[in-house]
Each structure stands twice: as C-alpha cells, then as structure tokens.
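A short worksheet on the structure shown next.
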Amino acid sequence: MKHALGCHPCPPDAKGNAELHEILGMSLDELTVPPATLDLGRLVFNMRNQGPFGLCVGFGVTQAAANCARQQPGMENMADLSPLGTYVQACAIDGALHQVQDGTTVDAALRGCGVGGFLFEAEYPYRPDERDANDVPARQRGFPLHIGQTGLRRCGMRTHRIQISDLDAFTFTVKQLLANGKGVVGGWQVDQAFELWTPDQGPWDGLVGPSEGGHCVCVQDYLTGDPRITNSWSENAGDHGFWTFTWRALHKATSLWAVDFVPLAS
C-alpha cells in the first residue's frame with residue numbers, strides 16, 4: 001500500500017467522557033427521524049494529504065471536530081485545525097512519540113485535545129518534506145500538551161465511544177449524530193482494495209484481505225443514503241478525496257467515536 005496507515009485499535013475500556021444523550025443535547029426519547037440523505041461536504045475546506053506518514057488519526061480527529069464546530073453560530077469560517085498537533089498530543093499519551101509510522105489511537109487523540117485544546121494548521125503546520133520516516137523533527141518532539149491552548153484556548157470536548165451491536169440501531173444513531181451537527185471519527189482495517197476504491201465500484205463493503213492496516217477517517221455525512229467519509233489522501237484519491245461505505249462496513253469499525261466540540265465562555 002502506498003499510503004502510510006497509522007490507527008491502532010482503541011483499548012476495550014475506552015468509553016469517552018459523556019453519554020450519547022449528553023452529546024446530542026436531548027434524551028433518547030426525544031430523537032426524531034433523521035433525514036434520508038445529508039450533505040455536509042461544505043464543511044471540508046481543504047482535502048489534505050497525510051503523505052507517506054501515519055498521521056491519519058490527526059487528520060480524522062481534526063476534521064470531525066471542525067465539522068462539529070463549523071455548524072455552530074459564529075464558527076462557520078473557523079480555520080483548519082492542526083492534524084500534526086493532534087497527532088503529537090496523541091503520541092504523547094500513547095507513549096510512542098518517535099514511532100511516526102506506527103500511528104496512535106483515536107481515544108488518545110481525543111483525550112489529548114481535551115487536555116490541551118487544538119492548534120490551528122497555520123500555527124502548527126504539517127510539512128511532510130521536513131519529516132523523516134523514522135522520527136519526528138526536534139521542534140516537534142518537545143510538544144507539550146498545554147501548547148494546544150494557544151490555538152483554541154476556550155473549548156471543551158465531549159466524546160462517546162459508539163458500541164452498538166445491532167446494525168439498524170447503529171445506523172440510526174450515526175445518522176442522528178450527523179444530522180444534529182456532531183462529529184464522528186473512527187478507525188478501520190483497510191487494504192489495497194480500499195486504497196484503489198473508485199465511486200464506480202459502489203460503496204466500499206469493508207472486506208479486507210490478508211495485507212491490511214489500521215486507518216482513521218472522519219465520517220462526513222450520508223450524501224446518497226450510504227455513509228461518506230473524508231479521507232486524508234488528497235483530492236486525487238477516491239471520489240475527490242471522499243469514500244462511500246456501506247453501513248455494514250461502517251459498522252465494522254475497530255472504534256467509532258461521537259465528538260461534541262463545545263466553545264466555552266471566555
């Protein structure tokens with residue numbers, strides 16, 4: 001596979017810091033039927049490219065947070081968040097800061113952002129040409145968690161790990177989250193068939209062969225009724241940077257998280 005993968009399964013006991021009804025802001029009894037289709041492509045300002053390094057967790061988590069934030073009043077034009085900053089925060093928690101190719105876990109990235117906040121891409125840019133395949137440049141190795149507060153000093157993160165065995169209930173829940181302006185991010189096992197996917201093949205079915213790896217993406221919307229994800233392999237891959245899954249493939253996530261980005265009073 002020509003793209004570096006970098007998502008490890010989250011620990012079985014990783015559960016986030018909120019319940020679903022808290023993230024949605026309503027009780028489960030108050031949920032209404034979500035729309036049949038949903039297009040949130042406008043929330044992706046730049047279809048970025050992680051290049052040959054396993055930073056997919058940083059890209060997936062920052063896009064999910066941006067999707068949530070940009071649907072809130074006054075934040076429609078919020079600048080792109082820093083995938084590198086989020087990735088390094090996660091590595092600091094996972095204890096694998098020097099293992100660029102090995103990636104990290106989604107729950108570590110979310111916990112890191114909860115502790116340190118977010119940086120904007122302009123403040124902490126990702127420049128693949130400055131990186132080495134086996135290390136992180138010295139200016140990035142000393143990244144402390146609190147530095148994230150220089151980007152978004154006043155924000156909160158509510159997260160919930162989605163673990164629903166019934167496919168219909170799972171589908172309804174994810175649709176409900178997206179329709180209510182929440183971010184969704186997760187990790188999957190993928191292989192070369194995923195990498196070579198094109199829209200004329202129909203939605204990706206989640207089947208993988210013996211050569212596979214962990215990959216993190218943001219669940220964007222369900223434009224055609226099937227879930228669509230934002231990948232981090234540039235607009236030249238997939239469907240201009242998007243992939244369409246089946247709901248069954250989405251359900252196969254090694255971990256899937258609901259994200260609520262909460263601006264706090266200054």
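Following the order of the structure tokens, first chain is A, next is B, and so on, with residues numbered from 1 inside each chain and ligands from 1 in the order they appear.
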Can you list, as a PyMOL selection string, every protein, DNA or RNA residue that comes within 10 Å of Asn77 of chain A when you count only C-alpha atoms, leaving out same-chain residues fewer than 5 positions away?
chain A and resi 43+45+66+69-71
For Asn46 of chain A, find every residue with an atom within 12 Å (counting only C-alpha atoms), except residues of its own chain fewer than 5 positions away, and show them as a ChimeraX atom specification.
/A:41,59,62-63,66,79-81,121,230-235,240-242
Emit the selected residues as a short mmCIF file (atom, residue, chain, number, x, y, z; two decimals), in the first residue's frame, including C-alpha atoms.
```cif
data_model
loop_
_atom_site.label_atom_id
_atom_site.label_comp_id
_atom_site.auth_asym_id
_atom_site.auth_seq_id
_atom_site.Cartn_x
_atom_site.Cartn_y
_atom_site.Cartn_z
CA GLY A 41 -19.30 18.40 2.13
CA PHE A 59 -6.43 14.27 10.20
CA THR A 62 -9.41 17.42 13.45
CA GLN A 63 -11.90 17.09 10.59
CA ALA A 66 -14.14 21.03 12.56
CA ALA A 79 -9.78 27.79 10.12
CA ASP A 80 -8.47 24.25 9.68
CA LEU A 81 -7.13 22.62 12.83
CA GLU A 121 -2.95 24.47 10.99
CA THR A 230 -13.43 12.25 4.48
CA ASN A 231 -10.06 10.64 3.85
CA SER A 232 -6.61 12.23 4.15
CA TRP A 233 -5.06 11.09 0.88
CA SER A 234 -5.70 14.30 -1.13
CA GLU A 235 -8.47 15.10 -3.60
CA HIS A 240 -12.18 13.65 -4.96
CA GLY A 241 -10.94 12.67 -1.51
CA PHE A 242 -14.18 11.13 -0.24
#
```
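Among the candidate residues A:Ala4, A:Ala253, A:Ala14, A:Leu28, the one lying nearest to Ser165 of chain A is A:Ala253, with distances computed using only C-alpha atoms.
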Running DSSP on the backbone, which parts of segment 54-223 of chain A land in strand (DSSP E or B), as a ChimeraX atom specification?
/A:81,104-105,120,132,135,155-161,183-191,204,212-222
Would you list the contacts of Arg161 of chain A as a ChimeraX atom specification, taking every protein, DNA or RNA residue within 10 Å and counting only C-alpha atoms, but skipping same-chain residues closer than 6 positions in sequence?
/A:10,13-20,107,184-186,255-259
Just to be explicit: take each residue in the selection above, keep N, CA and C atoms, and write the result as a compact mmCIF listing (two decimals), in the first residue's frame.
```txt
# COMPACT_ATOMS: atom_id res chain seq x y z
N CYS A 10 -8.45 1.11 19.65
CA CYS A 10 -8.54 1.73 20.97
C CYS A 10 -8.72 0.65 22.04
N ASP A 13 -11.68 -0.69 27.06
CA ASP A 13 -12.36 0.07 28.10
C ASP A 13 -12.44 1.57 27.81
N ALA A 14 -12.01 2.00 26.60
CA ALA A 14 -12.08 3.42 26.25
C ALA A 14 -13.54 3.79 25.96
N LYS A 15 -14.09 4.70 26.74
CA LYS A 15 -15.52 4.98 26.64
C LYS A 15 -15.84 6.47 26.49
N GLY A 16 -14.85 7.34 26.48
CA GLY A 16 -15.16 8.76 26.37
C GLY A 16 -15.60 9.35 27.69
N ASN A 17 -16.05 10.61 27.65
CA ASN A 17 -16.40 11.29 28.89
C ASN A 17 -17.86 11.73 28.94
N ALA A 18 -18.69 11.23 28.02
CA ALA A 18 -20.09 11.65 28.00
C ALA A 18 -20.96 10.54 27.45
N GLU A 19 -22.24 10.62 27.79
CA GLU A 19 -23.22 9.70 27.21
C GLU A 19 -23.78 10.31 25.92
N LEU A 20 -24.37 9.48 25.10
CA LEU A 20 -24.90 9.96 23.81
C LEU A 20 -25.92 11.07 24.00
N ASP A 107 -8.75 7.34 20.71
CA ASP A 107 -9.11 7.81 22.04
C ASP A 107 -7.99 8.65 22.65
N VAL A 184 -18.10 12.70 13.91
CA VAL A 184 -17.95 11.25 14.08
C VAL A 184 -16.61 10.85 13.45
N VAL A 185 -15.80 10.11 14.19
CA VAL A 185 -14.48 9.70 13.71
C VAL A 185 -14.21 8.29 14.17
N GLY A 186 -13.49 7.51 13.35
CA GLY A 186 -13.23 6.14 13.75
C GLY A 186 -12.06 5.53 13.01
N SER A 255 -13.01 1.09 16.19
CA SER A 255 -13.52 2.02 17.20
C SER A 255 -14.17 3.19 16.48
N LEU A 256 -15.28 3.65 17.01
CA LEU A 256 -16.01 4.77 16.42
C LEU A 256 -16.43 5.71 17.54
N TRP A 257 -16.22 7.02 17.32
CA TRP A 257 -16.43 8.00 18.38
C TRP A 257 -17.34 9.14 17.92
N ALA A 258 -18.25 9.53 18.79
CA ALA A 258 -19.00 10.76 18.62
C ALA A 258 -18.24 11.89 19.29
N VAL A 259 -18.19 13.04 18.61
CA VAL A 259 -17.40 14.18 19.09
C VAL A 259 -18.29 15.40 19.19
```
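Atom to atom, atom CA of Asp191 of chain A and atom CA of Asp166 of chain A stand 25.3 Å apart.
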